[in-house]
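> Take a look at model-v9.txt, compact mmCIF, C-alpha atoms:
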# COMPACT_ATOMS: atom_id res chain seq x y z
CA MET A 239 15.57 -28.44 -35.68
CA THR A 240 13.88 -25.46 -37.29
CA GLY A 241 10.20 -24.64 -37.71
CA ARG A 242 7.65 -25.11 -34.92
CA LEU A 243 8.50 -28.12 -32.77
CA MET A 244 5.88 -29.74 -30.55
CA LEU A 245 7.09 -31.81 -27.60
CA LEU A 246 4.64 -34.11 -25.83
CA ASP A 247 4.96 -35.02 -22.18
CA THR A 248 3.50 -38.36 -23.20
CA ALA A 249 2.86 -39.91 -19.80
CA SER A 250 1.09 -36.77 -18.63
CA LEU A 251 -1.19 -36.96 -21.66
CA TYR A 252 -1.97 -40.68 -21.56
CA PHE A 253 -2.78 -40.42 -17.83
CA ARG A 254 -5.25 -37.67 -18.72
CA ALA A 255 -6.64 -39.76 -21.54
CA TYR A 256 -7.03 -42.76 -19.23
CA PHE A 257 -9.03 -40.81 -16.67
CA GLY A 258 -10.92 -38.78 -19.28
CA VAL A 259 -12.09 -41.59 -21.57
CA PRO A 260 -14.39 -44.30 -20.14
CA ASP A 261 -12.83 -47.74 -19.67
CA SER A 262 -15.78 -49.10 -21.60
CA VAL A 263 -13.66 -48.24 -24.67
CA ARG A 264 -12.19 -51.67 -25.26
CA ALA A 265 -10.42 -53.84 -27.82
CA PRO A 266 -12.29 -56.74 -29.46
CA ASP A 267 -10.95 -59.09 -26.75
CA GLY A 268 -12.32 -56.84 -24.00
CA THR A 269 -9.01 -55.20 -23.01
CA PRO A 270 -9.41 -51.50 -22.10
CA VAL A 271 -7.81 -49.19 -24.68
CA ASN A 272 -9.17 -45.88 -23.40
CA ALA A 273 -5.68 -44.43 -22.85
CA VAL A 274 -4.52 -45.54 -26.31
CA ARG A 275 -7.48 -44.14 -28.18
CA GLY A 276 -7.65 -41.04 -26.00
CA LEU A 277 -3.99 -40.24 -26.68
CA LEU A 278 -4.46 -40.70 -30.43
CA ASP A 279 -7.41 -38.30 -30.28
CA PHE A 280 -5.27 -35.84 -28.29
CA ILE A 281 -2.46 -35.93 -30.85
CA GLU A 282 -4.90 -35.53 -33.74
CA ARG A 283 -6.44 -32.45 -32.15
CA LEU A 284 -3.03 -30.96 -31.35
CA VAL A 285 -1.76 -31.44 -34.90
CA ARG A 286 -4.98 -30.12 -36.42
CA ASP A 287 -5.23 -27.05 -34.18
CA HIS A 288 -1.56 -26.06 -33.93
CA ARG A 289 0.06 -27.44 -37.10
CA PRO A 290 3.55 -28.16 -35.78
CA GLU A 291 6.17 -28.94 -38.40
CA GLN A 292 7.86 -31.43 -36.07
CA LEU A 293 6.67 -33.50 -33.12
CA VAL A 294 8.35 -35.77 -30.57
CA ALA A 295 6.55 -37.92 -28.02
CA CYS A 296 8.90 -37.69 -25.03
CA MET A 297 8.88 -40.68 -22.68
CA ASP A 298 9.78 -41.41 -19.06
CA ALA A 299 12.60 -43.95 -19.37
CA ASP A 300 13.00 -43.44 -15.61
CA TRP A 301 10.17 -41.61 -13.86
CA ARG A 302 12.15 -41.28 -10.57
CA PRO A 303 15.88 -41.10 -11.38
CA GLN A 304 18.14 -42.31 -8.60
CA TRP A 305 20.37 -39.24 -8.87
CA ARG A 306 17.40 -37.09 -7.90
CA VAL A 307 16.42 -39.42 -5.06
CA ASP A 308 20.00 -39.37 -3.75
CA LEU A 309 19.69 -35.60 -3.35
CA ILE A 310 16.12 -35.50 -1.99
CA PRO A 311 14.99 -38.96 -0.75
CA THR A 312 11.33 -37.89 -0.58
CA TYR A 313 11.29 -37.13 -4.32
CA LYS A 314 8.14 -38.86 -5.67
CA ALA A 315 8.45 -41.41 -2.84
CA HIS A 316 4.68 -41.47 -2.26
CA ARG A 317 4.15 -42.72 -5.83
CA VAL A 318 6.39 -45.78 -5.55
CA ALA A 319 4.48 -49.05 -5.93
CA GLU A 320 7.51 -51.33 -5.65
CA GLU A 321 11.20 -50.66 -5.06
CA HIS A 322 13.85 -52.39 -7.17
CA SER A 323 17.55 -52.65 -6.37
CA GLY A 324 19.71 -51.62 -9.32
CA ALA A 325 16.69 -50.78 -11.49
CA PRO A 326 14.09 -47.99 -11.62
CA ASP A 327 11.40 -48.19 -8.96
CA GLU A 328 7.97 -49.17 -10.17
CA GLU A 329 5.46 -46.33 -10.28
CA GLU A 330 1.97 -46.76 -8.93
CA VAL A 331 -0.12 -46.99 -12.09
CA PRO A 332 -3.73 -48.18 -12.44
CA ASP A 333 -3.89 -51.88 -13.30
CA THR A 334 -5.67 -51.30 -16.59
CA LEU A 335 -3.38 -48.47 -17.70
CA ALA A 336 0.02 -50.19 -17.42
CA PRO A 337 -0.71 -52.75 -20.20
CA GLN A 338 -1.74 -49.94 -22.55
CA VAL A 339 1.63 -48.19 -22.47
CA PRO A 340 3.44 -50.73 -24.71
CA VAL A 341 0.50 -50.55 -27.12
CA ILE A 342 0.85 -46.76 -27.27
CA GLU A 343 4.54 -47.13 -28.02
CA ASP A 344 3.94 -49.71 -30.76
CA VAL A 345 1.24 -47.61 -32.41
CA LEU A 346 3.31 -44.41 -32.40
CA ASP A 347 6.25 -46.31 -33.88
CA ALA A 348 4.14 -47.84 -36.64
CA ILE A 349 2.64 -44.46 -37.50
CA GLY A 350 6.11 -42.92 -37.59
CA ILE A 351 5.68 -40.37 -34.80
CA ALA A 352 9.08 -39.91 -33.16
CA ARG A 353 9.49 -41.17 -29.59
CA ALA A 354 12.41 -40.34 -27.33
CA GLY A 355 13.33 -41.53 -23.87
CA VAL A 356 16.74 -41.71 -22.21
CA ALA A 357 17.79 -44.15 -19.48
CA GLY A 358 18.21 -42.43 -16.13
CA TYR A 359 16.10 -39.41 -17.11
CA GLU A 360 12.50 -38.28 -17.03
CA ALA A 361 10.53 -37.06 -20.01
CA ASP A 362 10.94 -33.54 -18.57
CA ASP A 363 14.71 -33.79 -19.09
CA VAL A 364 14.27 -35.00 -22.66
CA ILE A 365 11.90 -32.09 -23.29
CA GLY A 366 14.37 -29.68 -21.70
CA THR A 367 17.18 -30.87 -23.94
CA PHE A 368 15.14 -30.79 -27.15
CA THR A 369 14.02 -27.27 -26.19
CA ALA A 370 17.58 -26.11 -25.56
CA ARG A 371 18.68 -27.39 -28.97
CA ALA A 372 15.74 -26.08 -30.99
CA ASP A 373 16.40 -23.26 -33.44
CA GLY A 374 12.74 -22.38 -33.87
CA PRO A 375 9.67 -21.95 -31.65
CA VAL A 376 8.65 -24.78 -29.32
CA ASP A 377 5.25 -25.84 -27.99
CA ILE A 378 5.45 -28.12 -24.93
CA VAL A 379 2.22 -30.01 -24.25
CA THR A 380 1.98 -31.11 -20.63
CA GLY A 381 -0.28 -31.23 -17.62
CA ASP A 382 2.80 -30.81 -15.40
CA ARG A 383 3.47 -27.26 -14.22
CA ASP A 384 7.13 -28.12 -13.59
CA LEU A 385 7.77 -27.44 -17.27
CA TYR A 386 6.69 -23.81 -16.91
CA GLN A 387 10.37 -23.20 -16.13
CA LEU A 388 11.12 -23.65 -19.86
CA VAL A 389 8.77 -20.86 -20.99
CA ASP A 390 10.81 -18.22 -22.81
CA ASP A 391 9.16 -15.49 -24.86
CA GLY A 392 12.47 -14.52 -26.42
CA ARG A 393 12.89 -17.98 -27.94
CA GLY A 394 9.21 -18.61 -28.64
CA VAL A 395 8.92 -21.41 -26.07
CA ARG A 396 5.50 -21.81 -24.53
CA VAL A 397 3.60 -24.50 -22.63
CA LEU A 398 0.22 -25.72 -23.84
CA TYR A 399 -1.43 -26.77 -20.59
CA PRO A 400 -4.64 -28.84 -20.95
CA LEU A 401 -7.54 -27.44 -18.97
CA LYS A 402 -10.11 -29.82 -20.45
CA GLY A 403 -8.86 -32.56 -22.72
CA VAL A 404 -6.67 -30.85 -25.28
CA GLY A 405 -9.50 -28.92 -26.85
CA THR A 406 -9.14 -26.25 -24.18
CA LEU A 407 -5.51 -25.34 -23.63
CA GLN A 408 -3.91 -22.60 -21.57
CA LEU A 409 -1.31 -21.07 -23.88
CA THR A 410 1.26 -20.32 -21.23
CA ASP A 411 3.75 -17.57 -21.99
CA GLU A 412 5.69 -15.35 -19.61
CA ALA A 413 2.81 -12.87 -19.29
CA VAL A 414 0.57 -15.67 -18.00
CA LEU A 415 3.25 -16.82 -15.55
CA ARG A 416 3.85 -13.33 -14.21
CA GLU A 417 0.13 -12.76 -13.73
CA LYS A 418 -0.40 -16.09 -11.94
CA TYR A 419 2.87 -16.56 -10.06
CA GLY A 420 4.76 -13.28 -10.15
CA VAL A 421 7.74 -14.81 -11.98
CA GLY A 422 8.75 -15.54 -15.56
CA GLY A 423 9.85 -18.88 -16.93
CA ARG A 424 13.40 -18.48 -15.66
CA GLY A 425 12.16 -17.92 -12.09
CA TYR A 426 9.53 -20.66 -11.96
CA ALA A 427 11.88 -23.45 -10.79
CA ASP A 428 13.16 -21.26 -7.96
CA LEU A 429 9.57 -20.46 -6.95
CA ALA A 430 8.62 -24.15 -7.04
CA LEU A 431 11.49 -25.34 -4.86
CA LEU A 432 10.99 -22.56 -2.31
CA ARG A 433 7.26 -23.22 -1.86
CA GLY A 434 7.59 -27.00 -2.25
CA ASP A 435 5.42 -29.40 -4.24
CA PRO A 436 3.67 -32.26 -2.40
CA SER A 437 2.82 -33.97 -5.69
CA ASP A 438 6.56 -34.48 -6.30
CA GLY A 439 7.56 -34.98 -2.67
CA LEU A 440 9.46 -31.68 -2.52
CA PRO A 441 9.32 -30.29 1.03
CA GLY A 442 10.06 -26.65 0.20
CA VAL A 443 11.01 -24.18 2.91
CA VAL A 444 8.75 -24.33 5.98
CA GLY A 445 6.69 -21.18 6.22
CA ILE A 446 7.52 -19.98 2.70
CA GLY A 447 4.42 -20.21 0.53
CA GLU A 448 3.95 -19.21 -3.07
CA LYS A 449 3.33 -15.50 -2.41
CA THR A 450 6.30 -15.13 -0.08
CA ALA A 451 8.52 -17.04 -2.53
CA ALA A 452 7.46 -14.72 -5.34
CA LYS A 453 8.19 -11.65 -3.18
CA LEU A 454 11.64 -12.94 -2.27
CA LEU A 455 12.48 -13.59 -5.92
CA ALA A 456 11.16 -10.15 -6.91
CA GLU A 457 13.34 -8.58 -4.21
CA PHE A 458 16.56 -10.51 -4.80
CA GLY A 459 16.25 -11.75 -8.39
CA ASP A 460 16.90 -15.48 -8.05
CA LEU A 461 17.44 -18.26 -5.55
CA ALA A 462 21.21 -17.87 -5.44
CA SER A 463 20.79 -14.22 -4.45
CA VAL A 464 18.21 -15.11 -1.80
CA VAL A 465 20.66 -17.59 -0.26
CA ALA A 466 23.51 -15.08 -0.50
CA ALA A 467 21.36 -12.56 1.37
CA LEU A 468 21.49 -14.81 4.43
CA ASP A 469 25.12 -13.80 4.88
CA ASP A 470 24.26 -10.10 4.66
CA PRO A 471 22.78 -8.75 7.91
CA ARG A 472 21.54 -5.70 6.01
CA ALA A 473 19.51 -7.74 3.51
CA ALA A 474 15.76 -7.13 3.46
CA LEU A 475 14.74 -10.38 5.14
CA THR A 476 12.41 -10.57 8.11
CA PRO A 477 13.78 -12.42 11.16
CA SER A 478 11.33 -15.25 10.47
CA GLN A 479 12.38 -15.55 6.83
CA ARG A 480 16.05 -15.47 7.73
CA LYS A 481 15.55 -18.22 10.32
CA ARG A 482 13.54 -20.49 8.05
CA LEU A 483 15.82 -20.05 5.04
CA THR A 484 18.91 -20.66 7.18
CA GLU A 485 17.42 -23.88 8.54
CA ALA A 486 16.60 -24.95 4.99
CA ARG A 487 20.09 -24.30 3.62
CA PRO A 488 20.98 -27.99 3.15
CA TYR A 489 17.77 -28.46 1.13
CA LEU A 490 18.36 -25.29 -0.89
CA ALA A 491 21.85 -26.50 -1.79
CA VAL A 492 20.56 -29.62 -3.57
CA ALA A 493 17.01 -28.73 -4.63
CA PRO A 494 17.95 -26.79 -7.78
CA LYS A 495 19.52 -29.87 -9.38
CA VAL A 496 16.41 -31.90 -8.58
CA VAL A 497 13.82 -29.33 -9.66
CA ARG A 498 15.46 -27.89 -12.75
CA VAL A 499 15.08 -30.04 -15.84
CA ALA A 500 18.26 -31.22 -17.51
CA ASP A 501 19.19 -29.63 -20.83
CA ASP A 502 22.23 -31.72 -21.67
CA VAL A 503 20.84 -35.24 -22.07
CA LEU A 504 22.40 -37.43 -24.77
CA LEU A 505 19.37 -37.70 -27.02
CA PRO A 506 18.68 -40.59 -29.39
CA ASP A 507 18.81 -39.89 -33.10
CA VAL A 508 15.17 -39.40 -34.11
CA ASP A 509 13.42 -37.82 -37.06
CA PRO A 510 10.90 -35.37 -35.59
CA SER A 511 9.19 -34.69 -38.92
CA LEU A 512 5.49 -35.51 -38.89
CA PRO A 513 4.77 -38.42 -41.24
CA ARG A 514 2.20 -38.00 -43.97
CA THR A 515 1.79 -41.75 -44.35
CA PRO A 516 2.42 -44.55 -41.83
CA ARG A 517 6.00 -45.74 -41.46
CA ASP A 518 4.90 -49.37 -41.15
CA PRO A 519 1.38 -49.72 -42.61
CA VAL A 520 1.31 -53.52 -42.25
CA ALA A 521 2.18 -53.40 -38.54
CA LEU A 522 -0.24 -50.52 -38.02
CA GLU A 523 -3.08 -52.41 -39.67
CA GLY A 524 -2.44 -55.37 -37.38
CA LEU A 525 -2.39 -53.14 -34.30
CA ALA A 526 -5.58 -51.38 -35.39
CA LYS A 527 -7.44 -54.69 -35.74
CA ARG A 528 -6.08 -56.27 -32.58
CA TRP A 529 -6.78 -53.28 -30.37
CA GLY A 530 -9.86 -51.88 -32.10
CA LEU A 531 -8.37 -48.42 -32.68
CA GLY A 532 -11.12 -47.50 -35.13
CA GLY A 533 -11.95 -43.87 -35.69
CA SER A 534 -9.26 -42.54 -33.34
CA LEU A 535 -6.49 -43.87 -35.55
CA GLN A 536 -8.22 -43.00 -38.81
CA ARG A 537 -8.80 -39.40 -37.76
CA LEU A 538 -5.13 -38.99 -36.86
CA LEU A 539 -3.95 -40.54 -40.15
CA THR A 540 -6.31 -38.24 -42.09
CA THR A 541 -5.00 -35.14 -40.29
CA LEU A 542 -1.38 -36.17 -40.83
CA ALA A 543 -2.04 -36.68 -44.54
CA GLU A 544 -3.51 -33.20 -45.02
Let me see the structure of the file written as structure tokens.


Amino acid sequence: MTGRLMLLDTASLYFRAYFGVPDSVRAPDGTPVNAVRGLLDFIERLVRDHRPEQLVACMDADWRPQWRVDLIPTYKAHRVAEEHSGAPDEEEVPDTLAPQVPVIEDVLDAIGIARAGVAGYEADDVIGTFTARADGPVDIVTGDRDLYQLVDDGRGVRVLYPLKGVGTLQLTDEAVLREKYGVGGRGYADLALLRGDPSDGLPGVVGIGEKTAAKLLAEFGDLASVVAALDDPRAALTPSQRKRLTEARPYLAVAPKVVRVADDVLLPDVDPSLPRTPRDPVALEGLAKRWGLGGSLQRLLTTLAE
């Protein structure tokens, strides 16, 4: 893939659309379609403002992969609505959002916007793999700071982080990360696993907050070097830091695999080129009438055609 590639963390965006667009936005039969129409408006604005040459809507085929849970059982545990044996656990999703997700998928497919999800992996891992394989610059659109770890000025990889809708985006490059967190993209995953992240059920190291984590990484370079310093009595660790890091060694041994996004996922064969005309206009017309997609769909189609 060459040219500017835009990767959407789709679930992150349709959650934002759901909570940002009133549920009074409904289909002719009264079904809420606020997430559907809000996401279409988001994509239209992103394409119009940033003009990517290619775009992929990356999906969560498994929002809580078992291989991550096996390493850290608390991973996203607080967001489980129902556990399933031999199948992905069910995520706690608002009752009126869950039925909109298949509609979103059908509409994107009929338009011809590429979608990609891989069994056993999160959208983050799909994004990480597309990013690793890209030959040109990459814009990652997400409300999840975990993906800051992919920011790479040298490769032109940045995160477009929505501050208000997608009309106001934080264009996150390494300068922004260093100013806010004291680390670049490469160091962000190490920072996140040291400080922990309650929203993902990551415990972190007790007593090591964001500022201390940033100082440790500035001093030693990366997590592996911080851990190696525990075996060096001359290393510049306070007694408290040494004690807490030593106690957390089992966690630090497995956390990197959980926190770092995969970059070697077997991706489906998709065409990321933005369509100028709908792939399946008949199906799209039916979806538009059934779900009352109105101006949101028309604006996107107009922008794609330009």

> Between CA of Arg424 in chain A and CA of Leu385 in chain A, measure the distance and give it in Å to one decimal.

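Interatomic distance here is 10.7 Å.
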
> I'd like the contact shell of Arg487 in chain A - 12 Å cut-off, only C-alpha atoms, skipping same-chain residues fewer than 3 positions apart - returned as an MDAnalysis selection string.

chainID A and resid 432 442:444 461:462 464:466 468:469 480:484 490:494

> Considering all atoms listed in the file, return as a ChimeraX atom specification whatever protein or nucleic-acid residues lie within 12 Å of Lys418 in chain A, sequence-local ones (same chain, fewer than 4 positions apart) excluded.

/A:386,410-414,422-423,426,429,448-449,452

> Please list as a PyMOL selection string every residue within 7 Å of range 524-537 of chain A, counting only C-alpha atoms and excluding residues in the same chain fewer than 6 positions away.

chain A and resi 265-266+275+278-279+282+345

> So, counting all atoms listed in the file, which residue among A:Val307, A:Leu409, A:Val421, A:Ala357 is closest to Ala451 in chain A?

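Among A:Val307, A:Leu409, A:Val421, A:Ala357, it is A:Val421 that comes nearest to Ala451 in chain A.
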
> Counting all atoms listed in the file, which residues of range 462-508 of chain A sit at most 10 Å from some atom of range 362-381 of chain A, and what is each one's closest atom pair with its distance in Å to one decimal, listed by chain and rising residue number, as a tab-separated table?


residue	atom	partner	partner_atom	distance
A:Arg498	CA	A:Asp363	CA	8.7
A:Val499	CA	A:Asp363	CA	5.0
A:Ala500	CA	A:Asp363	CA	4.7
A:Asp501	CA	A:Thr367	CA	3.9
A:Asp502	CA	A:Thr367	CA	5.6
A:Val503	CA	A:Thr367	CA	6.0
A:Leu504	CA	A:Thr367	CA	8.4
A:Leu505	CA	A:Val364	CA	7.2
A:Pro506	CA	A:Val364	CA	9.8

> Work out how far apart CA of Pro488 in chain A and CA of Arg302 in chain A are and give it in Å to one decimal.

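Separation between CA of Pro488 in chain A and CA of Arg302 in chain A: 21.0 Å.
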
> Kindly reconstruct range 364-385 of chain A with N, CA, C and O atoms and present the result as a PDB file, in the coordinates of the input.


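rebuild.pdb, freshly written:
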ATOM      1  N   VAL A 364      14.213 -34.857 -21.208  1.00  0.00           N
ATOM      2  CA  VAL A 364      14.270 -35.000 -22.660  1.00  0.00           C
ATOM      3  C   VAL A 364      13.673 -33.761 -23.316  1.00  0.00           C
ATOM      4  O   VAL A 364      14.232 -33.204 -24.268  1.00  0.00           O
ATOM      5  N   ILE A 365      12.547 -33.309 -22.774  1.00  0.00           N
ATOM      6  CA  ILE A 365      11.900 -32.090 -23.290  1.00  0.00           C
ATOM      7  C   ILE A 365      12.823 -30.895 -23.112  1.00  0.00           C
ATOM      8  O   ILE A 365      12.974 -30.064 -24.020  1.00  0.00           O
ATOM      9  N   GLY A 366      13.462 -30.789 -21.945  1.00  0.00           N
ATOM     10  CA  GLY A 366      14.370 -29.680 -21.700  1.00  0.00           C
ATOM     11  C   GLY A 366      15.524 -29.646 -22.669  1.00  0.00           C
ATOM     12  O   GLY A 366      15.948 -28.571 -23.126  1.00  0.00           O
ATOM     13  N   THR A 367      16.042 -30.815 -23.031  1.00  0.00           N
ATOM     14  CA  THR A 367      17.180 -30.870 -23.940  1.00  0.00           C
ATOM     15  C   THR A 367      16.760 -30.564 -25.372  1.00  0.00           C
ATOM     16  O   THR A 367      17.439 -29.821 -26.081  1.00  0.00           O
ATOM     17  N   PHE A 368      15.634 -31.132 -25.813  1.00  0.00           N
ATOM     18  CA  PHE A 368      15.140 -30.790 -27.150  1.00  0.00           C
ATOM     19  C   PHE A 368      14.881 -29.281 -27.253  1.00  0.00           C
ATOM     20  O   PHE A 368      15.187 -28.643 -28.267  1.00  0.00           O
ATOM     21  N   THR A 369      14.314 -28.709 -26.192  1.00  0.00           N
ATOM     22  CA  THR A 369      14.020 -27.270 -26.190  1.00  0.00           C
ATOM     23  C   THR A 369      15.293 -26.457 -26.292  1.00  0.00           C
ATOM     24  O   THR A 369      15.370 -25.476 -27.057  1.00  0.00           O
ATOM     25  N   ALA A 370      16.319 -26.845 -25.544  1.00  0.00           N
ATOM     26  CA  ALA A 370      17.580 -26.110 -25.560  1.00  0.00           C
ATOM     27  C   ALA A 370      18.234 -26.153 -26.937  1.00  0.00           C
ATOM     28  O   ALA A 370      18.915 -25.195 -27.343  1.00  0.00           O
ATOM     29  N   ARG A 371      18.015 -27.227 -27.674  1.00  0.00           N
ATOM     30  CA  ARG A 371      18.680 -27.390 -28.970  1.00  0.00           C
ATOM     31  C   ARG A 371      17.867 -26.863 -30.143  1.00  0.00           C
ATOM     32  O   ARG A 371      18.372 -26.794 -31.264  1.00  0.00           O
ATOM     33  N   ALA A 372      16.605 -26.519 -29.896  1.00  0.00           N
ATOM     34  CA  ALA A 372      15.740 -26.080 -30.990  1.00  0.00           C
ATOM     35  C   ALA A 372      16.155 -24.711 -31.513  1.00  0.00           C
ATOM     36  O   ALA A 372      16.500 -23.816 -30.741  1.00  0.00           O
ATOM     37  N   ASP A 373      16.096 -24.549 -32.823  1.00  0.00           N
ATOM     38  CA  ASP A 373      16.400 -23.260 -33.440  1.00  0.00           C
ATOM     39  C   ASP A 373      15.149 -22.428 -33.681  1.00  0.00           C
ATOM     40  O   ASP A 373      15.229 -21.234 -33.947  1.00  0.00           O
ATOM     41  N   GLY A 374      13.989 -23.075 -33.640  1.00  0.00           N
ATOM     42  CA  GLY A 374      12.740 -22.380 -33.870  1.00  0.00           C
ATOM     43  C   GLY A 374      11.850 -22.409 -32.638  1.00  0.00           C
ATOM     44  O   GLY A 374      12.267 -22.834 -31.559  1.00  0.00           O
ATOM     45  N   PRO A 375      10.598 -21.974 -32.785  1.00  0.00           N
ATOM     46  CA  PRO A 375       9.670 -21.950 -31.650  1.00  0.00           C
ATOM     47  C   PRO A 375       9.303 -23.359 -31.199  1.00  0.00           C
ATOM     48  O   PRO A 375       9.344 -24.317 -31.979  1.00  0.00           O
ATOM     49  N   VAL A 376       8.951 -23.476 -29.915  1.00  0.00           N
ATOM     50  CA  VAL A 376       8.650 -24.780 -29.320  1.00  0.00           C
ATOM     51  C   VAL A 376       7.335 -24.698 -28.546  1.00  0.00           C
ATOM     52  O   VAL A 376       7.130 -23.777 -27.745  1.00  0.00           O
ATOM     53  N   ASP A 377       6.467 -25.663 -28.787  1.00  0.00           N
ATOM     54  CA  ASP A 377       5.250 -25.840 -27.990  1.00  0.00           C
ATOM     55  C   ASP A 377       5.413 -27.115 -27.165  1.00  0.00           C
ATOM     56  O   ASP A 377       5.605 -28.198 -27.723  1.00  0.00           O
ATOM     57  N   ILE A 378       5.344 -26.981 -25.847  1.00  0.00           N
ATOM     58  CA  ILE A 378       5.450 -28.120 -24.930  1.00  0.00           C
ATOM     59  C   ILE A 378       4.047 -28.424 -24.425  1.00  0.00           C
ATOM     60  O   ILE A 378       3.395 -27.560 -23.834  1.00  0.00           O
ATOM     61  N   VAL A 379       3.573 -29.637 -24.671  1.00  0.00           N
ATOM     62  CA  VAL A 379       2.220 -30.010 -24.250  1.00  0.00           C
ATOM     63  C   VAL A 379       2.327 -30.892 -23.021  1.00  0.00           C
ATOM     64  O   VAL A 379       2.853 -32.006 -23.078  1.00  0.00           O
ATOM     65  N   THR A 380       1.846 -30.390 -21.899  1.00  0.00           N
ATOM     66  CA  THR A 380       1.980 -31.110 -20.630  1.00  0.00           C
ATOM     67  C   THR A 380       0.933 -30.655 -19.641  1.00  0.00           C
ATOM     68  O   THR A 380       0.485 -29.512 -19.670  1.00  0.00           O
ATOM     69  N   GLY A 381       0.560 -31.580 -18.761  1.00  0.00           N
ATOM     70  CA  GLY A 381      -0.280 -31.230 -17.620  1.00  0.00           C
ATOM     71  C   GLY A 381       0.534 -31.055 -16.357  1.00  0.00           C
ATOM     72  O   GLY A 381      -0.009 -31.004 -15.259  1.00  0.00           O
ATOM     73  N   ASP A 382       1.867 -30.940 -16.517  1.00  0.00           N
ATOM     74  CA  ASP A 382       2.800 -30.810 -15.400  1.00  0.00           C
ATOM     75  C   ASP A 382       3.348 -29.382 -15.365  1.00  0.00           C
ATOM     76  O   ASP A 382       4.070 -28.971 -16.277  1.00  0.00           O
ATOM     77  N   ARG A 383       3.033 -28.646 -14.306  1.00  0.00           N
ATOM     78  CA  ARG A 383       3.470 -27.260 -14.220  1.00  0.00           C
ATOM     79  C   ARG A 383       4.984 -27.110 -14.074  1.00  0.00           C
ATOM     80  O   ARG A 383       5.522 -26.025 -14.285  1.00  0.00           O
ATOM     81  N   ASP A 384       5.674 -28.196 -13.722  1.00  0.00           N
ATOM     82  CA  ASP A 384       7.130 -28.120 -13.590  1.00  0.00           C
ATOM     83  C   ASP A 384       7.785 -27.573 -14.860  1.00  0.00           C
ATOM     84  O   ASP A 384       8.817 -26.896 -14.809  1.00  0.00           O
ATOM     85  N   LEU A 385       7.176 -27.851 -16.000  1.00  0.00           N
ATOM     86  CA  LEU A 385       7.770 -27.440 -17.270  1.00  0.00           C
ATOM     87  C   LEU A 385       7.533 -25.972 -17.598  1.00  0.00           C
ATOM     88  O   LEU A 385       8.037 -25.473 -18.604  1.00  0.00           O
TER      89      LEU A 385
END
